[in-house]
>>> print(open('target05.cif').read())   # mmCIF, N, CA and C atoms
data_data
#
loop_
_atom_site.label_atom_id
_atom_site.label_comp_id
_atom_site.auth_asym_id
_atom_site.auth_seq_id
_atom_site.Cartn_x
_atom_site.Cartn_y
_atom_site.Cartn_z
N MET V 1 3.71 -24.73 -114.27
CA MET V 1 2.65 -24.93 -115.25
C MET V 1 2.46 -23.64 -116.04
N VAL V 2 2.48 -23.76 -117.35
CA VAL V 2 2.33 -22.62 -118.24
C VAL V 2 0.86 -22.45 -118.58
N THR V 3 0.37 -21.23 -118.52
CA THR V 3 -1.02 -20.93 -118.86
C THR V 3 -1.07 -20.27 -120.23
N VAL V 4 -1.95 -20.78 -121.06
CA VAL V 4 -2.14 -20.20 -122.39
C VAL V 4 -3.28 -19.18 -122.30
N PRO V 5 -3.01 -17.92 -122.63
CA PRO V 5 -4.06 -16.91 -122.58
C PRO V 5 -5.24 -17.27 -123.48
N LYS V 6 -6.43 -16.88 -123.06
CA LYS V 6 -7.62 -17.12 -123.87
C LYS V 6 -7.46 -16.44 -125.22
N ASN V 7 -7.89 -17.10 -126.29
CA ASN V 7 -7.80 -16.60 -127.67
C ASN V 7 -6.37 -16.45 -128.17
N TYR V 8 -5.41 -17.09 -127.51
CA TYR V 8 -4.01 -17.03 -127.94
C TYR V 8 -3.84 -17.76 -129.27
N LYS V 9 -3.08 -17.16 -130.15
CA LYS V 9 -2.65 -17.79 -131.40
C LYS V 9 -1.16 -17.48 -131.55
N PRO V 10 -0.34 -18.49 -131.82
CA PRO V 10 1.10 -18.24 -131.99
C PRO V 10 1.33 -17.30 -133.18
N THR V 11 2.34 -16.49 -133.07
CA THR V 11 2.70 -15.59 -134.17
C THR V 11 4.20 -15.69 -134.46
N GLU V 12 4.58 -15.20 -135.63
CA GLU V 12 5.99 -15.19 -136.03
C GLU V 12 6.77 -14.15 -135.23
N LYS V 13 6.07 -13.22 -134.56
CA LYS V 13 6.73 -12.12 -133.84
C LYS V 13 7.31 -12.56 -132.49
N GLU V 14 6.79 -13.67 -131.95
CA GLU V 14 7.29 -14.13 -130.63
C GLU V 14 8.39 -15.17 -130.81
N ALA V 15 9.09 -15.44 -129.73
CA ALA V 15 10.17 -16.44 -129.78
C ALA V 15 9.58 -17.79 -130.17
N TYR V 16 10.23 -18.42 -131.14
CA TYR V 16 9.75 -19.70 -131.67
C TYR V 16 9.81 -20.77 -130.59
N MET V 17 8.72 -21.48 -130.41
CA MET V 17 8.57 -22.57 -129.46
C MET V 17 8.89 -22.15 -128.02
N ASN V 18 8.42 -20.95 -127.68
CA ASN V 18 8.52 -20.52 -126.29
C ASN V 18 7.55 -21.36 -125.45
N PRO V 19 7.62 -21.29 -124.12
CA PRO V 19 6.78 -22.14 -123.28
C PRO V 19 5.27 -22.02 -123.54
N VAL V 20 4.78 -20.82 -123.81
CA VAL V 20 3.34 -20.63 -124.08
C VAL V 20 2.97 -21.30 -125.40
N MET V 21 3.81 -21.13 -126.41
CA MET V 21 3.55 -21.73 -127.72
C MET V 21 3.57 -23.26 -127.61
N LEU V 22 4.52 -23.80 -126.90
CA LEU V 22 4.58 -25.25 -126.71
C LEU V 22 3.33 -25.77 -126.00
N GLU V 23 2.90 -25.06 -124.98
CA GLU V 23 1.69 -25.47 -124.25
C GLU V 23 0.46 -25.36 -125.15
N TYR V 24 0.42 -24.33 -125.98
CA TYR V 24 -0.68 -24.18 -126.94
C TYR V 24 -0.78 -25.41 -127.84
N PHE V 25 0.36 -25.83 -128.41
CA PHE V 25 0.35 -26.99 -129.30
C PHE V 25 0.09 -28.28 -128.52
N ARG V 26 0.57 -28.37 -127.28
CA ARG V 26 0.31 -29.55 -126.47
C ARG V 26 -1.20 -29.69 -126.25
N GLN V 27 -1.85 -28.59 -125.89
CA GLN V 27 -3.30 -28.61 -125.67
C GLN V 27 -4.05 -28.94 -126.96
N LYS V 28 -3.60 -28.37 -128.07
CA LYS V 28 -4.23 -28.63 -129.37
C LYS V 28 -4.15 -30.13 -129.70
N LEU V 29 -2.99 -30.72 -129.49
CA LEU V 29 -2.80 -32.14 -129.76
C LEU V 29 -3.66 -33.01 -128.82
N MET V 30 -3.74 -32.63 -127.55
CA MET V 30 -4.53 -33.40 -126.58
C MET V 30 -6.02 -33.36 -126.94
N VAL V 31 -6.53 -32.20 -127.33
CA VAL V 31 -7.94 -32.07 -127.72
C VAL V 31 -8.21 -32.93 -128.96
N TRP V 32 -7.29 -32.90 -129.92
CA TRP V 32 -7.44 -33.69 -131.14
C TRP V 32 -7.48 -35.18 -130.81
N LYS V 33 -6.56 -35.61 -129.95
CA LYS V 33 -6.49 -37.02 -129.55
C LYS V 33 -7.78 -37.44 -128.84
N GLU V 34 -8.25 -36.62 -127.92
CA GLU V 34 -9.48 -36.94 -127.18
C GLU V 34 -10.68 -37.03 -128.12
N SER V 35 -10.72 -36.17 -129.12
CA SER V 35 -11.80 -36.20 -130.11
C SER V 35 -11.78 -37.50 -130.91
N ILE V 36 -10.59 -37.91 -131.33
CA ILE V 36 -10.46 -39.15 -132.09
C ILE V 36 -10.88 -40.35 -131.24
N LEU V 37 -10.42 -40.38 -129.99
CA LEU V 37 -10.78 -41.49 -129.10
C LEU V 37 -12.27 -41.53 -128.82
N SER V 38 -12.88 -40.37 -128.65
CA SER V 38 -14.32 -40.30 -128.43
C SER V 38 -15.09 -40.83 -129.63
N ASP V 39 -14.66 -40.42 -130.83
CA ASP V 39 -15.29 -40.91 -132.07
C ASP V 39 -15.14 -42.42 -132.20
N ALA V 40 -13.95 -42.92 -131.85
CA ALA V 40 -13.70 -44.35 -131.95
C ALA V 40 -14.60 -45.12 -130.99
N ASN V 41 -14.77 -44.60 -129.78
CA ASN V 41 -15.65 -45.27 -128.81
C ASN V 41 -17.09 -45.27 -129.29
N THR V 42 -17.53 -44.17 -129.89
CA THR V 42 -18.88 -44.09 -130.44
C THR V 42 -19.07 -45.12 -131.55
N THR V 43 -18.09 -45.23 -132.44
CA THR V 43 -18.16 -46.20 -133.53
C THR V 43 -18.20 -47.61 -132.99
N LEU V 44 -17.35 -47.90 -132.03
CA LEU V 44 -17.32 -49.24 -131.44
C LEU V 44 -18.67 -49.58 -130.81
N GLN V 45 -19.24 -48.61 -130.11
CA GLN V 45 -20.55 -48.83 -129.48
C GLN V 45 -21.62 -49.08 -130.55
N GLU V 46 -21.58 -48.32 -131.64
CA GLU V 46 -22.55 -48.50 -132.72
C GLU V 46 -22.42 -49.88 -133.36
N LEU V 47 -21.18 -50.32 -133.56
CA LEU V 47 -20.97 -51.64 -134.15
C LEU V 47 -21.46 -52.74 -133.21
N GLN V 48 -21.25 -52.55 -131.91
CA GLN V 48 -21.72 -53.54 -130.94
C GLN V 48 -23.24 -53.54 -130.85
N ASP V 49 -23.85 -52.37 -130.93
CA ASP V 49 -25.31 -52.26 -130.84
C ASP V 49 -25.99 -52.94 -132.02
N GLU V 50 -25.31 -52.92 -133.18
CA GLU V 50 -25.88 -53.58 -134.35
C GLU V 50 -25.89 -55.09 -134.18
N GLY V 51 -25.03 -55.61 -133.28
CA GLY V 51 -25.03 -57.02 -132.93
C GLY V 51 -24.81 -57.95 -134.11
N GLY V 52 -23.95 -57.58 -134.99
CA GLY V 52 -23.71 -58.44 -136.15
C GLY V 52 -24.60 -58.05 -137.30
N LEU V 53 -24.56 -58.82 -138.31
CA LEU V 53 -25.32 -58.51 -139.52
C LEU V 53 -26.64 -59.25 -139.48
N ARG V 54 -27.70 -58.54 -139.26
CA ARG V 54 -29.02 -59.15 -139.17
C ARG V 54 -29.82 -59.01 -140.45
N GLU V 55 -29.25 -58.35 -141.42
CA GLU V 55 -29.97 -58.12 -142.67
C GLU V 55 -30.22 -59.45 -143.37
N SER V 56 -31.46 -59.70 -143.75
CA SER V 56 -31.76 -60.96 -144.44
C SER V 56 -31.52 -60.85 -145.94
N ASP V 57 -31.67 -59.66 -146.47
CA ASP V 57 -31.45 -59.45 -147.90
C ASP V 57 -29.94 -59.42 -148.18
N VAL V 58 -29.52 -60.15 -149.18
CA VAL V 58 -28.10 -60.24 -149.51
C VAL V 58 -27.52 -58.87 -149.84
N ALA V 59 -28.23 -58.08 -150.60
CA ALA V 59 -27.74 -56.74 -150.99
C ALA V 59 -27.62 -55.84 -149.76
N ASP V 60 -28.61 -55.91 -148.86
CA ASP V 60 -28.55 -55.10 -147.64
C ASP V 60 -27.36 -55.54 -146.78
N ARG V 61 -27.18 -56.85 -146.66
CA ARG V 61 -26.08 -57.36 -145.85
C ARG V 61 -24.74 -56.93 -146.45
N ALA V 62 -24.61 -56.99 -147.76
CA ALA V 62 -23.38 -56.57 -148.44
C ALA V 62 -23.11 -55.08 -148.20
N SER V 63 -24.18 -54.30 -148.23
CA SER V 63 -24.05 -52.86 -147.98
C SER V 63 -23.56 -52.60 -146.56
N VAL V 64 -24.13 -53.31 -145.61
CA VAL V 64 -23.73 -53.15 -144.20
C VAL V 64 -22.28 -53.59 -144.03
N GLU V 65 -21.91 -54.71 -144.65
CA GLU V 65 -20.53 -55.19 -144.55
C GLU V 65 -19.55 -54.19 -145.14
N THR V 66 -19.92 -53.57 -146.25
CA THR V 66 -19.08 -52.55 -146.87
C THR V 66 -18.92 -51.35 -145.94
N ASP V 67 -20.03 -50.90 -145.36
CA ASP V 67 -19.98 -49.77 -144.42
C ASP V 67 -19.08 -50.08 -143.23
N VAL V 68 -19.20 -51.28 -142.69
CA VAL V 68 -18.38 -51.68 -141.54
C VAL V 68 -16.91 -51.72 -141.94
N ALA V 69 -16.61 -52.28 -143.11
CA ALA V 69 -15.22 -52.35 -143.57
C ALA V 69 -14.63 -50.95 -143.75
N LEU V 70 -15.40 -50.05 -144.32
CA LEU V 70 -14.93 -48.66 -144.49
C LEU V 70 -14.69 -48.01 -143.14
N GLU V 71 -15.59 -48.23 -142.21
CA GLU V 71 -15.45 -47.64 -140.87
C GLU V 71 -14.21 -48.19 -140.17
N LEU V 72 -13.97 -49.49 -140.30
CA LEU V 72 -12.80 -50.08 -139.67
C LEU V 72 -11.50 -49.57 -140.29
N ARG V 73 -11.50 -49.35 -141.60
CA ARG V 73 -10.31 -48.77 -142.25
C ARG V 73 -10.07 -47.35 -141.75
N ALA V 74 -11.15 -46.60 -141.61
CA ALA V 74 -11.03 -45.23 -141.10
C ALA V 74 -10.49 -45.25 -139.68
N ARG V 75 -10.96 -46.18 -138.87
CA ARG V 75 -10.49 -46.31 -137.49
C ARG V 75 -9.01 -46.68 -137.45
N ASP V 76 -8.56 -47.50 -138.40
CA ASP V 76 -7.15 -47.87 -138.45
C ASP V 76 -6.30 -46.64 -138.76
N ARG V 77 -6.77 -45.80 -139.67
CA ARG V 77 -6.06 -44.55 -139.97
C ARG V 77 -6.03 -43.66 -138.73
N GLN V 78 -7.15 -43.63 -138.00
CA GLN V 78 -7.20 -42.82 -136.78
C GLN V 78 -6.22 -43.35 -135.73
N ARG V 79 -6.11 -44.69 -135.64
CA ARG V 79 -5.16 -45.30 -134.69
C ARG V 79 -3.74 -44.86 -135.02
N LYS V 80 -3.39 -44.85 -136.31
CA LYS V 80 -2.07 -44.41 -136.73
C LYS V 80 -1.87 -42.93 -136.42
N LEU V 81 -2.92 -42.15 -136.58
CA LEU V 81 -2.84 -40.72 -136.27
C LEU V 81 -2.61 -40.50 -134.78
N ILE V 82 -3.27 -41.29 -133.94
CA ILE V 82 -3.05 -41.18 -132.49
C ILE V 82 -1.59 -41.45 -132.16
N SER V 83 -0.99 -42.40 -132.83
CA SER V 83 0.42 -42.70 -132.62
C SER V 83 1.28 -41.48 -132.97
N LYS V 84 0.94 -40.82 -134.08
CA LYS V 84 1.68 -39.61 -134.47
C LYS V 84 1.47 -38.48 -133.46
N ILE V 85 0.25 -38.37 -132.94
CA ILE V 85 -0.03 -37.35 -131.92
C ILE V 85 0.80 -37.64 -130.67
N ASP V 86 0.85 -38.90 -130.25
CA ASP V 86 1.66 -39.27 -129.09
C ASP V 86 3.13 -38.95 -129.31
N GLU V 87 3.62 -39.19 -130.52
CA GLU V 87 5.02 -38.86 -130.83
C GLU V 87 5.25 -37.35 -130.77
N ALA V 88 4.28 -36.57 -131.25
CA ALA V 88 4.40 -35.11 -131.18
C ALA V 88 4.40 -34.64 -129.73
N LEU V 89 3.55 -35.23 -128.91
CA LEU V 89 3.53 -34.88 -127.48
C LEU V 89 4.86 -35.22 -126.81
N GLU V 90 5.46 -36.32 -127.22
CA GLU V 90 6.78 -36.70 -126.69
C GLU V 90 7.83 -35.68 -127.12
N ARG V 91 7.76 -35.20 -128.37
CA ARG V 91 8.70 -34.18 -128.84
C ARG V 91 8.53 -32.88 -128.04
N ILE V 92 7.30 -32.57 -127.66
CA ILE V 92 7.08 -31.38 -126.82
C ILE V 92 7.77 -31.58 -125.48
N ARG V 93 7.58 -32.76 -124.88
CA ARG V 93 8.23 -33.04 -123.58
C ARG V 93 9.75 -32.96 -123.69
N ASN V 94 10.30 -33.35 -124.84
CA ASN V 94 11.75 -33.35 -125.04
C ASN V 94 12.29 -32.04 -125.62
N ASN V 95 11.41 -31.06 -125.80
CA ASN V 95 11.77 -29.76 -126.40
C ASN V 95 12.32 -29.90 -127.82
N ASP V 96 11.84 -30.91 -128.55
CA ASP V 96 12.22 -31.08 -129.96
C ASP V 96 11.09 -30.68 -130.89
N TYR V 97 9.94 -30.36 -130.34
CA TYR V 97 8.76 -30.09 -131.15
C TYR V 97 8.95 -28.83 -131.98
N GLY V 98 8.47 -28.89 -133.23
CA GLY V 98 8.50 -27.71 -134.09
C GLY V 98 9.74 -27.59 -134.94
N TYR V 99 10.65 -28.57 -134.81
CA TYR V 99 11.88 -28.53 -135.59
C TYR V 99 11.95 -29.75 -136.50
N CYS V 100 12.42 -29.54 -137.71
CA CYS V 100 12.50 -30.58 -138.73
C CYS V 100 13.44 -31.69 -138.28
N GLU V 101 12.97 -32.92 -138.34
CA GLU V 101 13.81 -34.04 -137.92
C GLU V 101 14.93 -34.32 -138.93
N GLU V 102 14.82 -33.76 -140.12
CA GLU V 102 15.84 -33.97 -141.14
C GLU V 102 16.90 -32.86 -141.13
N THR V 103 16.44 -31.61 -141.03
CA THR V 103 17.37 -30.48 -141.14
C THR V 103 17.62 -29.74 -139.83
N GLY V 104 16.71 -29.90 -138.87
CA GLY V 104 16.81 -29.16 -137.61
C GLY V 104 16.24 -27.75 -137.70
N ASP V 105 15.78 -27.36 -138.88
CA ASP V 105 15.20 -26.02 -139.07
C ASP V 105 13.80 -25.96 -138.46
N PRO V 106 13.35 -24.75 -138.10
CA PRO V 106 11.97 -24.60 -137.62
C PRO V 106 10.98 -25.03 -138.71
N ILE V 107 9.98 -25.79 -138.33
CA ILE V 107 8.96 -26.24 -139.28
C ILE V 107 8.06 -25.07 -139.67
N GLY V 108 7.79 -24.19 -138.75
CA GLY V 108 6.96 -23.02 -139.02
C GLY V 108 5.59 -23.13 -138.38
N ILE V 109 5.13 -22.01 -137.87
CA ILE V 109 3.86 -21.96 -137.15
C ILE V 109 2.69 -22.30 -138.06
N LYS V 110 2.66 -21.73 -139.27
CA LYS V 110 1.52 -21.99 -140.16
C LYS V 110 1.40 -23.48 -140.48
N ARG V 111 2.52 -24.13 -140.74
CA ARG V 111 2.50 -25.57 -141.05
C ARG V 111 2.03 -26.36 -139.83
N LEU V 112 2.52 -26.01 -138.65
CA LEU V 112 2.12 -26.73 -137.43
C LEU V 112 0.66 -26.48 -137.08
N GLU V 113 0.16 -25.30 -137.38
CA GLU V 113 -1.26 -25.03 -137.16
C GLU V 113 -2.10 -25.95 -138.06
N ALA V 114 -1.66 -26.12 -139.30
CA ALA V 114 -2.39 -26.95 -140.26
C ALA V 114 -2.18 -28.43 -139.99
N ARG V 115 -0.98 -28.81 -139.58
CA ARG V 115 -0.63 -30.22 -139.35
C ARG V 115 0.25 -30.31 -138.10
N PRO V 116 -0.37 -30.31 -136.91
CA PRO V 116 0.40 -30.27 -135.66
C PRO V 116 1.34 -31.47 -135.45
N VAL V 117 1.16 -32.54 -136.22
CA VAL V 117 2.04 -33.71 -136.08
C VAL V 117 3.19 -33.68 -137.08
N ALA V 118 3.32 -32.59 -137.84
CA ALA V 118 4.38 -32.50 -138.85
C ALA V 118 5.76 -32.65 -138.20
N THR V 119 6.63 -33.40 -138.90
CA THR V 119 7.99 -33.60 -138.40
C THR V 119 9.03 -33.03 -139.38
N LEU V 120 8.56 -32.57 -140.54
CA LEU V 120 9.46 -32.05 -141.56
C LEU V 120 9.00 -30.67 -142.02
N THR V 121 9.95 -29.84 -142.44
CA THR V 121 9.58 -28.58 -143.08
C THR V 121 8.91 -28.94 -144.41
N ILE V 122 8.25 -27.98 -145.01
CA ILE V 122 7.60 -28.22 -146.31
C ILE V 122 8.64 -28.66 -147.34
N GLU V 123 9.79 -28.01 -147.34
CA GLU V 123 10.83 -28.35 -148.31
C GLU V 123 11.32 -29.78 -148.11
N ALA V 124 11.56 -30.17 -146.86
CA ALA V 124 12.03 -31.53 -146.57
C ALA V 124 10.94 -32.56 -146.91
N GLN V 125 9.69 -32.21 -146.65
CA GLN V 125 8.58 -33.11 -146.97
C GLN V 125 8.48 -33.31 -148.49
N GLU V 126 8.65 -32.22 -149.25
CA GLU V 126 8.60 -32.33 -150.71
C GLU V 126 9.74 -33.20 -151.23
N ARG V 127 10.94 -33.04 -150.66
CA ARG V 127 12.08 -33.89 -151.06
C ARG V 127 11.78 -35.36 -150.75
N HIS V 128 11.23 -35.60 -149.57
CA HIS V 128 10.88 -36.95 -149.14
C HIS V 128 9.86 -37.58 -150.10
N GLU V 129 8.84 -36.81 -150.48
CA GLU V 129 7.81 -37.32 -151.40
C GLU V 129 8.38 -37.58 -152.79
N ARG V 130 9.29 -36.70 -153.26
CA ARG V 130 9.94 -36.93 -154.56
C ARG V 130 10.75 -38.22 -154.54
N MET V 131 11.47 -38.46 -153.45
CA MET V 131 12.26 -39.68 -153.32
C MET V 131 11.35 -40.92 -153.32
N GLU V 132 10.23 -40.83 -152.62
CA GLU V 132 9.28 -41.95 -152.58
C GLU V 132 8.75 -42.25 -153.98
N ARG V 133 8.39 -41.18 -154.72
CA ARG V 133 7.89 -41.37 -156.08
C ARG V 133 8.95 -42.01 -156.97
N THR V 134 10.17 -41.54 -156.84
CA THR V 134 11.27 -42.07 -157.65
C THR V 134 11.47 -43.56 -157.36
N HIS V 135 11.50 -43.93 -156.09
CA HIS V 135 11.70 -45.33 -155.72
C HIS V 135 10.51 -46.18 -156.14
N ARG V 136 9.31 -45.64 -156.04
CA ARG V 136 8.11 -46.38 -156.46
C ARG V 136 8.15 -46.61 -157.97
N ASP V 137 8.54 -45.57 -158.72
CA ASP V 137 8.61 -45.69 -160.18
C ASP V 137 9.67 -46.73 -160.60
N GLU V 138 10.77 -46.79 -159.85
CA GLU V 138 11.83 -47.75 -160.16
C GLU V 138 11.35 -49.18 -159.96
N ARG V 139 10.48 -49.41 -158.98
CA ARG V 139 10.00 -50.75 -158.68
C ARG V 139 8.94 -51.23 -159.66
N GLU V 140 8.25 -50.29 -160.30
CA GLU V 140 7.15 -50.67 -161.20
C GLU V 140 7.62 -51.06 -162.56
#
>>> encode(input="target05.cif", output="C-alpha cells")
Amino acid sequence: MVTVPKNYKPTEKEAYMNPVMLEYFRQKLMVWKESILSDANTTLQELQDEGGLRESDVADRASVETDVALELRARDRQRKLISKIDEALERIRNNDYGYCEETGDPIGIKRLEARPVATLTIEAQERHERMERTHRDERE
C-alpha cells in the first residue's frame, strides 16, 4: 500500500506516474466519485420528500417540473462522469493512467489536476474536437 504524504502535490520534477503520484490521483478520483454519489443521494431524497407535484397553481407546478427536469439532466451528466471516473480508476489499476490513448504520450500533470478523467493530451483533444466540428459541419 502506497502512502501519499500530507499536502503532497505531483510535480514535473518527479518520475511521471510513480506509485505515489498514481495513488494521489486514485484518491482524488475516489473523493470526487463519493462527492457525486452523495449529492445524487441528497437530490433523490429531496425529490422523494416532495412526494410528487402538489402545487395547485399551474405556473408553480410548471416551475417545479422545470426544476425537476433540470436536476434530472444534471444527474444524468453526473452518472456519465462517474463512468469516466471508474474508467480512470481502471486505467490506474492497469498502469495506463496519465498517458494519451491516441498517442501514448504523457497527458501532463497540470491537465490531470484540472481534469483527472482526461484520456487525451491537449493536442490530441484539440485534433479530436476539430474532427468532430468538421464532421458536424458536413452533416448540416
>>> closest_atom_pairs(input="target05.cif", of="region 89-121 of chain V", to="region 18-30 of chain V", cutoff="7 Å", atoms="only N, CA and C atoms", output="CSV")
residue,atom,partner,partner_atom,distance
V:Leu89,CA,V:Arg26,CA,6.3
V:Ile92,CA,V:Leu22,CA,6.6
V:Pro116,CA,V:Leu29,CA,7.0
>>> resolve_selection(input="target05.cif", expression="the PyMOL selection byres (((chain V and resi 75-88 and name CA) around 7) and name CA)", output="list of chain:residue names")
V:Leu29, V:Lys33, V:Ile36, V:Ala40, V:Glu71, V:Leu72, V:Arg73, V:Ala74, V:Leu89, V:Glu90, V:Arg91, V:Ile92, V:Tyr97, V:Val117
>>> atom_distance(input="target05.cif", atom1="CA of Thr121 (chain V)", atom2="CA of Asp137 (chain V)")
24.2 Å
>>> closest_residue(input="target05.cif", among="V:Thr66, V:Val4, V:Ala124, V:Glu12", to="Cys100 (chain V)", atoms="only N, CA and C atoms")
V:Ala124
>>> atom_distance(input="target05.cif", atom1="CA of Tyr99 (chain V)", atom2="CA of Leu37 (chain V)")
26.9 Å
>>> atom_distance(input="target05.cif", atom1="CA of Thr11 (chain V)", atom2="CA of Lys110 (chain V)")
8.8 Å
>>> axis_aligned_box(input="target05.cif", around="region 64-83 of chain V", padding_each_side="6 Å", output="AutoDock Vina command-line options")
--center_x -11.4 --center_y -47.8 --center_z -139.5 --size_x 37.4 --size_y 26.7 --size_z 26.7
>>> select_by_dssp(input="target05.cif", residues="region 6-132 of chain V", states="alpha helix (DSSP H)", output="JSON, numbers by chain")
{"V": [19, 20, 21, 22, 23, 24, 25, 26, 27, 28, 29, 30, 31, 32, 33, 34, 35, 36, 37, 38, 39, 40, 41, 42, 43, 44, 45, 46, 47, 48, 49, 50, 58, 59, 60, 61, 62, 63, 64, 65, 66, 67, 68, 69, 70, 71, 72, 73, 74, 75, 76, 77, 78, 79, 80, 81, 82, 83, 84, 85, 86, 87, 88, 89, 90, 91, 92, 93, 109, 110, 111, 112, 113, 114, 122, 123, 124, 125, 126, 127, 128, 129, 130, 131, 132]}
>>> closest_residue(input="target05.cif", among="V:Arg127, V:Met1, V:Ile122, V:Val64", to="Gly108 (chain V)", atoms="all atoms listed in the file")
V:Ile122
>>> closest_residue(input="target05.cif", among="V:Leu70, V:Ala62, V:Leu120, V:Ala114", to="Gly98 (chain V)", atoms="all atoms listed in the file")
V:Leu120
>>> decode(input="target05.cif", residues="region 95-106 of chain V", atoms="N, CA and C atoms", output="PDB file, in the first residue's frame")
ATOM      1  N   ASN V  95      -2.059   0.491 -14.866  1.00  0.00           N
ATOM      2  CA  ASN V  95      -0.858   1.305 -15.111  1.00  0.00           C
ATOM      3  C   ASN V  95      -0.878   2.001 -16.472  1.00  0.00           C
ATOM      4  N   ASP V  96      -2.080   2.345 -16.956  1.00  0.00           N
ATOM      5  CA  ASP V  96      -2.213   3.104 -18.202  1.00  0.00           C
ATOM      6  C   ASP V  96      -2.580   4.553 -17.929  1.00  0.00           C
ATOM      7  N   TYR V  97      -2.838   4.892 -16.688  1.00  0.00           N
ATOM      8  CA  TYR V  97      -3.328   6.220 -16.340  1.00  0.00           C
ATOM      9  C   TYR V  97      -2.269   7.275 -16.634  1.00  0.00           C
ATOM     10  N   GLY V  98      -2.735   8.413 -17.161  1.00  0.00           N
ATOM     11  CA  GLY V  98      -1.840   9.545 -17.387  1.00  0.00           C
ATOM     12  C   GLY V  98      -1.211   9.571 -18.764  1.00  0.00           C
ATOM     13  N   TYR V  99      -1.553   8.581 -19.592  1.00  0.00           N
ATOM     14  CA  TYR V  99      -0.988   8.515 -20.937  1.00  0.00           C
ATOM     15  C   TYR V  99      -2.101   8.623 -21.967  1.00  0.00           C
ATOM     16  N   CYS V 100      -1.844   9.362 -23.025  1.00  0.00           N
ATOM     17  CA  CYS V 100      -2.822   9.610 -24.085  1.00  0.00           C
ATOM     18  C   CYS V 100      -3.204   8.301 -24.763  1.00  0.00           C
ATOM     19  N   GLU V 101      -4.503   8.060 -24.863  1.00  0.00           N
ATOM     20  CA  GLU V 101      -4.955   6.826 -25.505  1.00  0.00           C
ATOM     21  C   GLU V 101      -4.755   6.859 -27.019  1.00  0.00           C
ATOM     22  N   GLU V 102      -4.492   8.031 -27.562  1.00  0.00           N
ATOM     23  CA  GLU V 102      -4.278   8.150 -29.005  1.00  0.00           C
ATOM     24  C   GLU V 102      -2.797   8.076 -29.371  1.00  0.00           C
ATOM     25  N   THR V 103      -1.958   8.788 -28.605  1.00  0.00           N
ATOM     26  CA  THR V 103      -0.537   8.880 -28.961  1.00  0.00           C
ATOM     27  C   THR V 103       0.391   8.105 -28.023  1.00  0.00           C
ATOM     28  N   GLY V 104      -0.088   7.805 -26.817  1.00  0.00           N
ATOM     29  CA  GLY V 104       0.759   7.154 -25.825  1.00  0.00           C
ATOM     30  C   GLY V 104       1.644   8.124 -25.058  1.00  0.00           C
ATOM     31  N   ASP V 105       1.581   9.410 -25.413  1.00  0.00           N
ATOM     32  CA  ASP V 105       2.386  10.430 -24.730  1.00  0.00           C
ATOM     33  C   ASP V 105       1.798  10.744 -23.355  1.00  0.00           C
ATOM     34  N   PRO V 106       2.639  11.237 -22.434  1.00  0.00           N
ATOM     35  CA  PRO V 106       2.109  11.674 -21.133  1.00  0.00           C
ATOM     36  C   PRO V 106       1.092  12.808 -21.321  1.00  0.00           C
TER      37      PRO V 106
END
